[in-house]
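Coordinates as given in work-v3.pdb (PDB, C-alpha atoms):
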MODEL        1
ATOM      1  CA  MET A 231     -11.647   1.900  12.847  1.00  0.00           C
ATOM      2  CA  SER A 232     -14.388   3.390  10.756  1.00  0.00           C
ATOM      3  CA  ALA A 233     -13.930   4.655   7.231  1.00  0.00           C
ATOM      4  CA  SER A 234     -14.926   8.158   8.366  1.00  0.00           C
ATOM      5  CA  THR A 235     -11.916   8.424  10.706  1.00  0.00           C
ATOM      6  CA  CYS A 236      -9.432   6.372   8.656  1.00  0.00           C
ATOM      7  CA  LEU A 237      -6.328   8.254   7.487  1.00  0.00           C
ATOM      8  CA  PHE A 238      -6.178   6.379   4.171  1.00  0.00           C
ATOM      9  CA  CYS A 239      -9.908   6.799   3.522  1.00  0.00           C
ATOM     10  CA  LYS A 240      -9.357  10.536   3.930  1.00  0.00           C
ATOM     11  CA  ILE A 241      -6.623  10.360   1.297  1.00  0.00           C
ATOM     12  CA  VAL A 242      -8.985   8.452  -1.024  1.00  0.00           C
ATOM     13  CA  GLY A 243     -11.617  11.157  -0.406  1.00  0.00           C
ATOM     14  CA  ARG A 244      -9.038  13.897  -1.060  1.00  0.00           C
ATOM     15  CA  GLU A 245      -9.578  15.252   2.461  1.00  0.00           C
ATOM     16  CA  LEU A 246      -5.849  14.805   3.159  1.00  0.00           C
ATOM     17  CA  PRO A 247      -3.011  15.446   0.713  1.00  0.00           C
ATOM     18  CA  ALA A 248      -0.846  12.705  -0.772  1.00  0.00           C
ATOM     19  CA  THR A 249       1.432  12.367  -3.766  1.00  0.00           C
ATOM     20  CA  ILE A 250      -0.717  10.015  -5.814  1.00  0.00           C
ATOM     21  CA  VAL A 251       1.125   7.996  -8.450  1.00  0.00           C
ATOM     22  CA  HIS A 252      -1.643   5.718  -9.750  1.00  0.00           C
ATOM     23  CA  GLU A 253      -5.391   5.315  -9.420  1.00  0.00           C
ATOM     24  CA  THR A 254      -8.029   2.914 -10.706  1.00  0.00           C
ATOM     25  CA  ASP A 255     -11.631   2.363  -9.728  1.00  0.00           C
ATOM     26  CA  GLN A 256     -10.486  -0.097  -7.009  1.00  0.00           C
ATOM     27  CA  VAL A 257      -7.050   1.054  -5.828  1.00  0.00           C
ATOM     28  CA  LEU A 258      -5.009   4.131  -5.053  1.00  0.00           C
ATOM     29  CA  ALA A 259      -1.206   4.296  -4.891  1.00  0.00           C
ATOM     30  CA  PHE A 260       0.799   7.092  -3.340  1.00  0.00           C
ATOM     31  CA  GLN A 261       4.254   7.885  -1.982  1.00  0.00           C
ATOM     32  CA  ASP A 262       4.962   6.980   1.626  1.00  0.00           C
ATOM     33  CA  ILE A 263       5.540  10.115   3.722  1.00  0.00           C
ATOM     34  CA  ALA A 264       8.440   8.437   5.564  1.00  0.00           C
ATOM     35  CA  PRO A 265      10.161   6.398   2.842  1.00  0.00           C
ATOM     36  CA  LYS A 266      12.444   3.511   3.842  1.00  0.00           C
ATOM     37  CA  ALA A 267      13.853   3.038   0.330  1.00  0.00           C
ATOM     38  CA  PRO A 268      14.339   5.160  -2.793  1.00  0.00           C
ATOM     39  CA  VAL A 269      11.035   3.751  -4.040  1.00  0.00           C
ATOM     40  CA  HIS A 270       8.464   3.430  -1.246  1.00  0.00           C
ATOM     41  CA  LEU A 271       4.862   3.460  -2.369  1.00  0.00           C
ATOM     42  CA  LEU A 272       1.657   2.446  -0.630  1.00  0.00           C
ATOM     43  CA  VAL A 273      -1.054   0.682  -2.586  1.00  0.00           C
ATOM     44  CA  ILE A 274      -4.474   0.612  -0.935  1.00  0.00           C
ATOM     45  CA  PRO A 275      -7.979  -0.475  -1.812  1.00  0.00           C
ATOM     46  CA  LYS A 276     -10.291   2.512  -2.157  1.00  0.00           C
ATOM     47  CA  ALA A 277     -12.961   0.688  -0.184  1.00  0.00           C
ATOM     48  CA  HIS A 278     -12.121   0.465   3.498  1.00  0.00           C
ATOM     49  CA  VAL A 279     -10.765  -2.905   4.659  1.00  0.00           C
ATOM     50  CA  ASP A 280      -9.296  -2.927   8.183  1.00  0.00           C
ATOM     51  CA  GLY A 281      -6.349  -5.101   7.172  1.00  0.00           C
ATOM     52  CA  LEU A 282      -5.212  -8.393   5.730  1.00  0.00           C
ATOM     53  CA  GLN A 283      -6.849 -10.159   8.659  1.00  0.00           C
ATOM     54  CA  ALA A 284     -10.233  -8.670   7.674  1.00  0.00           C
ATOM     55  CA  LEU A 285     -10.285  -9.938   4.078  1.00  0.00           C
ATOM     56  CA  ALA A 286     -13.198 -12.186   3.179  1.00  0.00           C
ATOM     57  CA  PRO A 287     -13.412 -14.792   0.393  1.00  0.00           C
ATOM     58  CA  GLY A 288     -15.392 -12.301  -1.694  1.00  0.00           C
ATOM     59  CA  ASP A 289     -12.498  -9.824  -1.645  1.00  0.00           C
ATOM     60  CA  ALA A 290     -10.419 -11.704  -4.244  1.00  0.00           C
ATOM     61  CA  SER A 291     -10.874  -8.955  -6.836  1.00  0.00           C
ATOM     62  CA  VAL A 292      -9.497  -6.380  -4.399  1.00  0.00           C
ATOM     63  CA  VAL A 293      -6.402  -8.467  -3.714  1.00  0.00           C
ATOM     64  CA  SER A 294      -5.923  -9.028  -7.445  1.00  0.00           C
ATOM     65  CA  ALA A 295      -6.230  -5.283  -8.117  1.00  0.00           C
ATOM     66  CA  LEU A 296      -3.718  -4.471  -5.371  1.00  0.00           C
ATOM     67  CA  PHE A 297      -1.056  -6.794  -6.762  1.00  0.00           C
ATOM     68  CA  ALA A 298      -1.714  -5.849 -10.381  1.00  0.00           C
ATOM     69  CA  CYS A 299      -1.034  -2.263  -9.323  1.00  0.00           C
ATOM     70  CA  VAL A 300       2.131  -3.264  -7.439  1.00  0.00           C
ATOM     71  CA  THR A 301       3.451  -5.103 -10.509  1.00  0.00           C
ATOM     72  CA  ARG A 302       2.684  -2.148 -12.758  1.00  0.00           C
ATOM     73  CA  LEU A 303       4.326   0.343 -10.399  1.00  0.00           C
ATOM     74  CA  ALA A 304       7.427  -1.834  -9.960  1.00  0.00           C
ATOM     75  CA  ALA A 305       7.907  -1.732 -13.729  1.00  0.00           C
ATOM     76  CA  GLN A 306       7.024   1.961 -13.960  1.00  0.00           C
ATOM     77  CA  THR A 307       9.519   2.956 -11.243  1.00  0.00           C
ATOM     78  CA  GLY A 308      12.297   0.808 -12.698  1.00  0.00           C
ATOM     79  CA  VAL A 309      12.675  -1.639  -9.813  1.00  0.00           C
ATOM     80  CA  ALA A 310      11.061  -4.673 -11.449  1.00  0.00           C
ATOM     81  CA  SER A 311      14.253  -5.893 -13.111  1.00  0.00           C
ATOM     82  CA  SER A 312      16.542  -5.511 -10.076  1.00  0.00           C
ATOM     83  CA  GLY A 313      13.988  -6.667  -7.513  1.00  0.00           C
ATOM     84  CA  TYR A 314      11.737  -5.170  -4.907  1.00  0.00           C
ATOM     85  CA  ARG A 315       9.933  -6.044  -1.699  1.00  0.00           C
ATOM     86  CA  THR A 316       6.244  -6.014  -0.907  1.00  0.00           C
ATOM     87  CA  VAL A 317       5.122  -5.853   2.706  1.00  0.00           C
ATOM     88  CA  ILE A 318       1.691  -6.185   4.264  1.00  0.00           C
ATOM     89  CA  ASN A 319       1.650  -5.661   8.014  1.00  0.00           C
ATOM     90  CA  ALA A 320      -1.328  -7.268   9.760  1.00  0.00           C
ATOM     91  CA  GLY A 321      -2.426  -6.142  13.219  1.00  0.00           C
ATOM     92  CA  PRO A 322      -0.461  -4.421  15.977  1.00  0.00           C
ATOM     93  CA  ASP A 323       2.110  -7.194  16.489  1.00  0.00           C
ATOM     94  CA  GLY A 324       2.649  -7.323  12.728  1.00  0.00           C
ATOM     95  CA  GLY A 325       3.539  -3.630  12.670  1.00  0.00           C
ATOM     96  CA  GLN A 326       0.309  -2.315  11.142  1.00  0.00           C
ATOM     97  CA  THR A 327      -0.012   1.330  12.214  1.00  0.00           C
ATOM     98  CA  VAL A 328      -2.864   2.437   9.929  1.00  0.00           C
ATOM     99  CA  GLY A 329      -6.081   0.430  10.166  1.00  0.00           C
ATOM    100  CA  HIS A 330      -6.604   0.153   6.401  1.00  0.00           C
ATOM    101  CA  LEU A 331      -5.217  -2.648   4.238  1.00  0.00           C
ATOM    102  CA  HIS A 332      -2.121  -1.475   2.383  1.00  0.00           C
ATOM    103  CA  VAL A 333       0.803  -2.944   0.495  1.00  0.00           C
ATOM    104  CA  HIS A 334       4.215  -1.334   0.776  1.00  0.00           C
ATOM    105  CA  LEU A 335       6.250  -1.441  -2.437  1.00  0.00           C
ATOM    106  CA  LEU A 336       9.923  -0.903  -1.611  1.00  0.00           C
ATOM    107  CA  GLY A 337      12.827  -0.896  -4.043  1.00  0.00           C
ATOM    108  CA  GLY A 338      15.809   0.904  -5.440  1.00  0.00           C
ATOM    109  CA  ARG A 339      18.301  -0.594  -2.979  1.00  0.00           C
ATOM    110  CA  PRO A 340      19.254  -4.077  -1.764  1.00  0.00           C
ATOM    111  CA  MET A 341      16.908  -5.358   0.947  1.00  0.00           C
ATOM    112  CA  THR A 342      18.202  -7.191   4.008  1.00  0.00           C
ATOM    113  CA  TRP A 343      16.817 -10.184   5.891  1.00  0.00           C
ATOM    114  CA  PRO A 344      15.444 -10.501   8.479  1.00  0.00           C
ATOM    115  CA  PRO A 345      13.487  -7.296   8.013  1.00  0.00           C
ATOM    116  CA  GLY A 346      12.849  -6.414  11.649  1.00  0.00           C
TER
ENDMDL
END

Would you write the structure of this file as structure tokens?
Amino acid sequence: MSASTCLFCKIVGRELPATIVHETDQVLAFQDIAPKAPVHLLVIPKAHVDGLQALAPGDASVVSALFACVTRLAAQTGVASSGYRTVINAGPDGGQTVGHLHVHLLGGRPMTWPPG
């Protein structure tokens, strides 16, 4: 998928609406439109990366920025102390439905295992 047709790139470019909760020069975080938990945020790199499977060794700063944002948002939303789940789906069989790397932050209720 190209950045010009990517749903999340359009959110980064403000071409599509989203409820943005945090933004830095590298990442954007917003509410999931179909939440699966009381807290369900998506954290994405602003630069287009197709998915986890497309990360290169030089992308370490992007990964670091993603998880720094997740940690901050877990504390900010009040789920850090009780626990939360992070999910990265990779490829079609992994459940990835948007071709842009993203981390789901889910919390505010007990999580079950196995997830699906």

- Query: Selected by the PyMOL selection byres ((chain A and resi 299-307) around 10) in the shown coordinates: which residues, as a ChimeraX atom specification?
  - Reply: /A:251-254,256-259,268-269,271-274,293-298,308-316,333-338

- For the file shown, what are the residues hit by the PyMOL selection byres ((chain A and resi 279) around 6), laid out as a list in words?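 After applying the PyMOL selection byres ((chain A and resi 279) around 6), what remains is His278, Asp280, Gly281, His330 and Leu331 of chain A.
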
Take the residues just selected and output them with C-alpha atoms as a compact mmCIF listing (two decimals), in the coordinates of the input.
# COMPACT_ATOMS: atom_id res chain seq x y z
CA HIS A 278 -12.12 0.46 3.50
CA ASP A 280 -9.30 -2.93 8.18
CA GLY A 281 -6.35 -5.10 7.17
CA HIS A 330 -6.60 0.15 6.40
CA LEU A 331 -5.22 -2.65 4.24

- Could you give me, as a list in words, the residues within 12 Å of A:Gln283, counting all atoms listed in the file and dropping anything in the same chain fewer than 2 positions from it? Val279, Asp280, Gly281, Leu285, Ala286, Pro287, Asp289, Ile318, Asn319, Ala320, Gly321, Pro322, Gly324, Gln326, Gly329, His330, Leu331 and His332 of chain A

Residues as selected, C-alpha atoms, written as a PDB file, in the frame of the given file, can you do that?
ATOM      1  CA  VAL A 279     -10.765  -2.905   4.659  1.00  0.00           C
ATOM      2  CA  ASP A 280      -9.296  -2.927   8.183  1.00  0.00           C
ATOM      3  CA  GLY A 281      -6.349  -5.101   7.172  1.00  0.00           C
ATOM      4  CA  LEU A 285     -10.285  -9.938   4.078  1.00  0.00           C
ATOM      5  CA  ALA A 286     -13.198 -12.186   3.179  1.00  0.00           C
ATOM      6  CA  PRO A 287     -13.412 -14.792   0.393  1.00  0.00           C
ATOM      7  CA  ASP A 289     -12.498  -9.824  -1.645  1.00  0.00           C
ATOM      8  CA  ILE A 318       1.691  -6.185   4.264  1.00  0.00           C
ATOM      9  CA  ASN A 319       1.650  -5.661   8.014  1.00  0.00           C
ATOM     10  CA  ALA A 320      -1.328  -7.268   9.760  1.00  0.00           C
ATOM     11  CA  GLY A 321      -2.426  -6.142  13.219  1.00  0.00           C
ATOM     12  CA  PRO A 322      -0.461  -4.421  15.977  1.00  0.00           C
ATOM     13  CA  GLY A 324       2.649  -7.323  12.728  1.00  0.00           C
ATOM     14  CA  GLN A 326       0.309  -2.315  11.142  1.00  0.00           C
ATOM     15  CA  GLY A 329      -6.081   0.430  10.166  1.00  0.00           C
ATOM     16  CA  HIS A 330      -6.604   0.153   6.401  1.00  0.00           C
ATOM     17  CA  LEU A 331      -5.217  -2.648   4.238  1.00  0.00           C
ATOM     18  CA  HIS A 332      -2.121  -1.475   2.383  1.00  0.00           C
TER      19      HIS A 332
END

- Message: Can you measure atom CA of A:Pro340 to atom CA of A:Ala264 for me? One decimal in Å is fine.
- Response: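 It comes out at 18.1 Å.
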
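Proximity to A:Val328 was assessed for A:Leu282, A:Arg244, A:Pro344, A:Ser291 counting all atoms listed in the file; the smallest distance is recorded for A:Leu282.
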
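Selection result for the displayed file, with the PyMOL selection byres ((chain A and resi 249) around 9) as criterion, is Pro247, Ala248, Ile250, Val251, Ala259, Phe260, Gln261, Asp262 and Ile263 of chain A.
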
Would you fill out stretch 290-316 of chain A with N, CA, C and O atoms and return it as a short mmCIF file (atom, residue, chain, number, x, y, z; two decimals), keeping the file's coordinate frame?
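File produced: selection01.cif:
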data_model
loop_
_atom_site.label_atom_id
_atom_site.label_comp_id
_atom_site.auth_asym_id
_atom_site.auth_seq_id
_atom_site.Cartn_x
_atom_site.Cartn_y
_atom_site.Cartn_z
N ALA A 290 -11.49 -11.27 -3.33
CA ALA A 290 -10.42 -11.70 -4.24
C ALA A 290 -10.12 -10.65 -5.31
O ALA A 290 -8.96 -10.45 -5.67
N SER A 291 -11.12 -9.96 -5.79
CA SER A 291 -10.87 -8.96 -6.84
C SER A 291 -10.08 -7.78 -6.29
O SER A 291 -9.28 -7.17 -7.01
N VAL A 292 -10.26 -7.46 -5.03
CA VAL A 292 -9.50 -6.38 -4.40
C VAL A 292 -8.03 -6.77 -4.29
O VAL A 292 -7.14 -5.99 -4.63
N VAL A 293 -7.78 -7.99 -3.84
CA VAL A 293 -6.40 -8.47 -3.71
C VAL A 293 -5.73 -8.50 -5.08
O VAL A 293 -4.59 -8.07 -5.24
N SER A 294 -6.45 -8.99 -6.08
CA SER A 294 -5.92 -9.03 -7.44
C SER A 294 -5.59 -7.63 -7.94
O SER A 294 -4.52 -7.39 -8.53
N ALA A 295 -6.46 -6.67 -7.69
CA ALA A 295 -6.23 -5.28 -8.12
C ALA A 295 -5.02 -4.68 -7.40
O ALA A 295 -4.24 -3.95 -8.02
N LEU A 296 -4.86 -4.98 -6.12
CA LEU A 296 -3.72 -4.47 -5.37
C LEU A 296 -2.40 -4.95 -5.99
O LEU A 296 -1.49 -4.16 -6.24
N PHE A 297 -2.32 -6.26 -6.26
CA PHE A 297 -1.06 -6.79 -6.76
C PHE A 297 -0.83 -6.48 -8.24
O PHE A 297 0.32 -6.36 -8.67
N ALA A 298 -1.88 -6.31 -9.00
CA ALA A 298 -1.71 -5.85 -10.38
C ALA A 298 -1.12 -4.45 -10.38
O ALA A 298 -0.24 -4.12 -11.18
N CYS A 299 -1.56 -3.62 -9.45
CA CYS A 299 -1.03 -2.26 -9.32
C CYS A 299 0.42 -2.30 -8.88
O CYS A 299 1.26 -1.56 -9.41
N VAL A 300 0.75 -3.14 -7.91
CA VAL A 300 2.13 -3.26 -7.44
C VAL A 300 3.05 -3.66 -8.60
O VAL A 300 4.11 -3.06 -8.79
N THR A 301 2.64 -4.65 -9.38
CA THR A 301 3.45 -5.10 -10.51
C THR A 301 3.65 -3.99 -11.52
O THR A 301 4.76 -3.76 -12.01
N ARG A 302 2.59 -3.27 -11.82
CA ARG A 302 2.68 -2.15 -12.76
C ARG A 302 3.62 -1.07 -12.25
O ARG A 302 4.46 -0.55 -12.98
N LEU A 303 3.50 -0.72 -10.96
CA LEU A 303 4.33 0.34 -10.40
C LEU A 303 5.79 -0.08 -10.27
O LEU A 303 6.69 0.75 -10.42
N ALA A 304 6.04 -1.35 -10.01
CA ALA A 304 7.43 -1.83 -9.96
C ALA A 304 8.09 -1.63 -11.32
O ALA A 304 9.23 -1.18 -11.40
N ALA A 305 7.36 -1.95 -12.38
CA ALA A 305 7.91 -1.73 -13.73
C ALA A 305 8.05 -0.25 -14.02
O ALA A 305 9.08 0.20 -14.54
N GLN A 306 7.04 0.52 -13.67
CA GLN A 306 7.02 1.96 -13.96
C GLN A 306 8.15 2.70 -13.23
O GLN A 306 8.71 3.66 -13.77
N THR A 307 8.48 2.27 -12.03
CA THR A 307 9.52 2.96 -11.24
C THR A 307 10.91 2.40 -11.51
O THR A 307 11.89 2.90 -10.96
N GLY A 308 11.00 1.35 -12.32
CA GLY A 308 12.30 0.81 -12.70
C GLY A 308 12.89 -0.20 -11.74
O GLY A 308 14.06 -0.56 -11.87
N VAL A 309 12.12 -0.68 -10.77
CA VAL A 309 12.68 -1.64 -9.81
C VAL A 309 12.33 -3.09 -10.15
O VAL A 309 12.86 -4.01 -9.52
N ALA A 310 11.49 -3.31 -11.13
CA ALA A 310 11.06 -4.67 -11.45
C ALA A 310 12.23 -5.57 -11.85
O ALA A 310 12.30 -6.73 -11.43
N SER A 311 13.16 -5.05 -12.62
CA SER A 311 14.25 -5.89 -13.11
C SER A 311 15.29 -6.21 -12.03
O SER A 311 15.85 -7.30 -12.01
N SER A 312 15.54 -5.28 -11.12
CA SER A 312 16.54 -5.51 -10.08
C SER A 312 15.95 -6.17 -8.84
O SER A 312 16.67 -6.76 -8.04
N GLY A 313 14.66 -6.06 -8.66
CA GLY A 313 13.99 -6.67 -7.51
C GLY A 313 13.42 -5.63 -6.57
O GLY A 313 13.88 -4.49 -6.51
N TYR A 314 12.42 -6.05 -5.85
CA TYR A 314 11.74 -5.17 -4.91
C TYR A 314 11.10 -6.02 -3.83
O TYR A 314 11.05 -7.24 -3.92
N ARG A 315 10.59 -5.36 -2.81
CA ARG A 315 9.93 -6.04 -1.70
C ARG A 315 8.52 -5.50 -1.57
O ARG A 315 8.28 -4.30 -1.72
N THR A 316 7.59 -6.41 -1.28
CA THR A 316 6.24 -6.01 -0.91
C THR A 316 6.04 -6.43 0.54
O THR A 316 6.51 -7.50 0.96
#
